[in-house]
Structures are given as structure tokens and as C-alpha cells.
Amino acid sequence: MSNSHRILACVLAAAISSPSPAQEESSMATQVELGAIITSGNTEDQNIKYKVVFDWDTGDWAYRLSSEGFRSKKEKELAAQRVYHVARAQYTINEDSFVLGRAAYEDDRFSGFDSQSDLSLSYGRNLLNNIQTMQLAVNLGVGVRRSETAIETTSEAILRAEANYAWDLSETADFTQDFSIESGSDSSIYRSESAIQTDIMENLSMKFSVKVKHQTEVPLLREKTDTETAVTLVWRF
């Protein structure tokens, strides 16, 4: 098991074992997202995208474990493959404030990095509490990032900032905008995801999303910006 996987496992284990005075009010939810385009004949392409999110809310503590990936093959040749795992543990101080512990691991075969992982601790605030149809949470903290390439492995301290915005457009549709920056001495990573999700059935939705990742310093001959546009189906359990 790699160091990055050990970090994720430790954070999740600590989250599960943390005591909560409101544990009797705990709730769990799972969300599965899937999209695929497969063609054959004159052109043989396979594009598959998935995301799984598990939420556990015990009152004062809220935990989230997510895993997402993308794989593309063109004419039987692998063109892209990426997986991104995130574990989060959030403690509610009061209605407006919270503390967030976060660990992430990314393996993108075509980014020039063998893997990148980060661990951070942040303080956050919930804003727009007086607006019923909108939510905005922001947090700022410090952490460490580890980057592995075929040549070397580096570690650096990072300053991490994140904003999560949600707008209930109607009873069956919502808009979300997530943005984060991880600023380090060697490199900074910016991530953005914009999405509109519309209910089709009680537990089934259709989602249109645009993701952008920009890294200021990348290995030689690699692009600094990656974008992903997808239409997926989302199941909620």
C-alpha cells in the first residue's frame, strides 16, 4: 500500500471512530454517477466516467468518501485514464462555523505524474444562511502535497482554499459550483466544477457538468490545463 493510500485509510478510520453526541441522529446516503459512450464499426471508441459518493452525517460530525474516474480508449489504444479519491471529515462548531480535515489521492496516467496526494486541515464558514434557496460554504487551511514522477518524489507545504456554492433552481433542478486552490512553493493547482442536475425520477437525475483543472508547473511536454465536459445519470440511495 502506498503512503497516499495509507493517509486516506487513516483519515477515514479516524472519522469513523470519532465519538459524536448526536450519533442517534445519524443518516447515510450514497450517490452513484455513470456516463459512457461506446462506438464500434468504422470507429472503435470507449469513454467511461464514474463517480461514487458516500455521506455519513452524525449531527456534529459529517463524513464524505468519494471516488471518481475517467477512462478513454480510441482504436483499442488507451488515450486517458484518471482516478481521484477524496476523504473528508467535518466537525460543526455552530451553525456558521466548522473544521474540515481532508485527504486526496489522484492517479492520472497522462498528466506526467505517477500520482499526487494531499492532506489538509481547514477552518470554514457557512454563508448565505438567510437565503432559503442558496448555500455557500468557504474554508481556508494548510496542508502538505506529495507529487511522484518517474524521476523524483517531492513534498511541499500548501495553503488550501475552497468554496462550494449550491442554488436550488426549482423543486427538481439545482446548480452547483465548486472551486478550490492548493498553492505551494513548487506548484499551484486550481480546480473548478460547474454542474446542473435535474430530477428524472424520484431517485434518478441527469447531470451536465464542466470540470477544469489547471496546474501552474507540470512535467515537460504536458498541458497545464485539463477540461472535462460530461452528461451523466445519477442514482441516489
# chains A, B, ... in the order shown; residues from 1 in each chain; ligands from 1
call {"tool": "residues_around", "arguments": {"residues": "region 190-199 of chain A", "least_positions_apart": "6", "cutoff": "8 Å", "atoms": "only C-alpha atoms", "output": "list in words"}}
result
Thr172, Ala173, Asp174, Phe175, Thr176, Gln177, Asp178, Phe179, Ser180, Ile181, Glu182, Ser205, Met206, Lys207, Phe208, Ser209, Val210, Lys211, Val212, Lys213, His214 and Gln215 of chain A
call {"tool": "residues_around", "arguments": {"residues": "Ser67 (chain A)", "least_positions_apart": "3", "cutoff": "9 Å", "atoms": "only C-alpha atoms", "output": "JSON, numbers by chain"}}
result
{"A": [50, 51, 52, 53, 83, 84, 85, 86, 87]}
call {"tool": "residues_around", "arguments": {"residues": "Gln81 (chain A)", "least_positions_apart": "6", "cutoff": "9 Å", "atoms": "only C-alpha atoms", "output": "list in words"}}
result
Gly69, Phe70, Arg71, Ser72, Lys73, Asp107, Asp108, Arg109 and Phe110 of chain A
call {"tool": "write_last_selection", "arguments": {"atoms": "C-alpha atoms", "output": "tab-separated table (two decimals), in the first residue's frame"}}
result
chain	number	residue	atom	x	y	z
A	69	GLY	CA	-12.61	8.17	-12.60
A	70	PHE	CA	-12.45	8.55	-16.35
A	71	ARG	CA	-11.16	6.12	-18.98
A	72	SER	CA	-10.93	6.59	-22.74
A	73	LYS	CA	-9.80	4.18	-25.47
A	107	ASP	CA	-3.58	8.97	-10.35
A	108	ASP	CA	-3.62	10.42	-13.87
A	109	ARG	CA	-1.54	8.34	-16.28
A	110	PHE	CA	-1.34	11.08	-18.90
call {"tool": "residues_around", "arguments": {"residues": "Ile131 (chain A)", "least_positions_apart": "5", "cutoff": "12 Å", "atoms": "only C-alpha atoms", "output": "JSON, numbers by chain"}}
result
{"A": [126, 136, 166, 167, 168]}
call {"tool": "select_by_dssp", "arguments": {"residues": "region 3-237 of chain A", "states": "alpha helix (DSSP H)", "output": "list in words"}}
result
Asn3, Ser4, His5, Arg6, Ile7, Leu8, Ala9, Cys10, Val11, Leu12, Ala13, Ala14, Ala15, Ile16 and Ser17 of chain A
call {"tool": "residues_around", "arguments": {"residues": "region 88-99 of chain A", "least_positions_apart": "3", "cutoff": "7 Å", "atoms": "only C-alpha atoms", "output": "ChimeraX atom specification"}}
result
/A:15,60-65,102-103,122-126
call {"tool": "residues_around", "arguments": {"residues": "Leu121 (chain A)", "least_positions_apart": "5", "cutoff": "7 Å", "atoms": "only C-alpha atoms", "output": "list in words"}}
result
Leu100, Gly101, Arg102, Gly141, Val142 and Gly143 of chain A
call {"tool": "select_by_dssp", "arguments": {"residues": "region 6-183 of chain A", "states": "strand (DSSP E or B)", "output": "PyMOL selection string"}}
result
chain A and resi 27-39+45-57+61-74+77-92+97-108+115-127+134-148+153-168+173-183
call {"tool": "atom_distance", "arguments": {"atom1": "CA of Ser147 (chain A)", "atom2": "CA of Gln116 (chain A)"}}
result
4.5 Å
call {"tool": "atom_distance", "arguments": {"atom1": "CA of Lys224 (chain A)", "atom2": "CA of Asp114 (chain A)"}}
result
15.8 Å
call {"tool": "closest_residue", "arguments": {"among": "A:Glu202, A:Glu228, A:Glu217, A:Glu171", "to": "Gly112 (chain A)", "atoms": "only C-alpha atoms"}}
result
A:Glu217
call {"tool": "decode", "arguments": {"residues": "region 163-221 of chain A", "atoms": "C-alpha atoms", "output": "mmCIF file, in the first residue's frame"}}
result
data_model
loop_
_atom_site.group_PDB
_atom_site.id
_atom_site.type_symbol
_atom_site.label_atom_id
_atom_site.label_comp_id
_atom_site.auth_asym_id
_atom_site.auth_seq_id
_atom_site.Cartn_x
_atom_site.Cartn_y
_atom_site.Cartn_z
ATOM 1 C CA ALA A 163 -15.685 27.415 -1.968
ATOM 2 C CA ASN A 164 -18.843 25.340 -2.517
ATOM 3 C CA TYR A 165 -21.982 27.055 -3.842
ATOM 4 C CA ALA A 166 -25.414 25.490 -4.380
ATOM 5 C CA TRP A 167 -28.577 27.048 -5.793
ATOM 6 C CA ASP A 168 -31.938 25.283 -5.811
ATOM 7 C CA LEU A 169 -33.324 26.446 -9.159
ATOM 8 C CA SER A 170 -36.613 24.609 -8.637
ATOM 9 C CA GLU A 171 -38.028 21.592 -6.823
ATOM 10 C CA THR A 172 -36.432 19.302 -9.420
ATOM 11 C CA ALA A 173 -33.290 21.160 -10.549
ATOM 12 C CA ASP A 174 -30.213 22.631 -8.891
ATOM 13 C CA PHE A 175 -26.948 24.314 -9.837
ATOM 14 C CA THR A 176 -23.624 23.782 -8.063
ATOM 15 C CA GLN A 177 -20.263 25.484 -8.376
ATOM 16 C CA ASP A 178 -17.179 24.139 -6.592
ATOM 17 C CA PHE A 179 -13.797 25.856 -6.677
ATOM 18 C CA SER A 180 -10.516 25.163 -4.894
ATOM 19 C CA ILE A 181 -6.906 26.271 -4.978
ATOM 20 C CA GLU A 182 -3.907 24.483 -3.492
ATOM 21 C CA SER A 183 -0.979 26.885 -3.509
ATOM 22 C CA GLY A 184 2.536 25.565 -2.877
ATOM 23 C CA SER A 185 6.074 26.820 -3.337
ATOM 24 C CA ASP A 186 6.696 24.492 -6.311
ATOM 25 C CA SER A 187 3.273 24.487 -7.942
ATOM 26 C CA SER A 188 -0.357 25.550 -7.531
ATOM 27 C CA ILE A 189 -3.437 23.558 -8.535
ATOM 28 C CA TYR A 190 -6.785 25.160 -9.379
ATOM 29 C CA ARG A 191 -9.939 23.043 -9.696
ATOM 30 C CA SER A 192 -13.435 24.118 -10.791
ATOM 31 C CA GLU A 193 -16.622 22.158 -11.365
ATOM 32 C CA SER A 194 -19.886 23.681 -12.622
ATOM 33 C CA ALA A 195 -22.955 21.430 -12.795
ATOM 34 C CA ILE A 196 -26.709 21.467 -13.380
ATOM 35 C CA GLN A 197 -28.652 18.445 -12.138
ATOM 36 C CA THR A 198 -32.307 17.736 -12.989
ATOM 37 C CA ASP A 199 -34.510 15.022 -11.498
ATOM 38 C CA ILE A 200 -35.958 12.473 -13.914
ATOM 39 C CA MET A 201 -37.492 10.193 -11.296
ATOM 40 C CA GLU A 202 -37.526 10.149 -7.514
ATOM 41 C CA ASN A 203 -34.018 8.680 -7.180
ATOM 42 C CA LEU A 204 -32.682 9.284 -10.693
ATOM 43 C CA SER A 205 -31.259 12.506 -12.132
ATOM 44 C CA MET A 206 -29.460 13.742 -15.226
ATOM 45 C CA LYS A 207 -26.340 15.871 -14.697
ATOM 46 C CA PHE A 208 -24.428 18.171 -17.019
ATOM 47 C CA SER A 209 -21.010 19.166 -15.690
ATOM 48 C CA VAL A 210 -17.864 21.003 -16.742
ATOM 49 C CA LYS A 211 -14.621 20.414 -14.852
ATOM 50 C CA VAL A 212 -11.387 22.355 -15.200
ATOM 51 C CA LYS A 213 -8.032 21.594 -13.587
ATOM 52 C CA HIS A 214 -5.058 23.925 -14.005
ATOM 53 C CA GLN A 215 -1.593 23.292 -12.572
ATOM 54 C CA THR A 216 0.998 26.039 -12.822
ATOM 55 C CA GLU A 217 4.015 23.721 -13.110
ATOM 56 C CA VAL A 218 3.827 20.372 -14.921
ATOM 57 C CA PRO A 219 6.305 17.841 -16.352
ATOM 58 C CA LEU A 220 7.883 18.589 -19.728
ATOM 59 C CA LEU A 221 5.579 18.334 -22.789
#
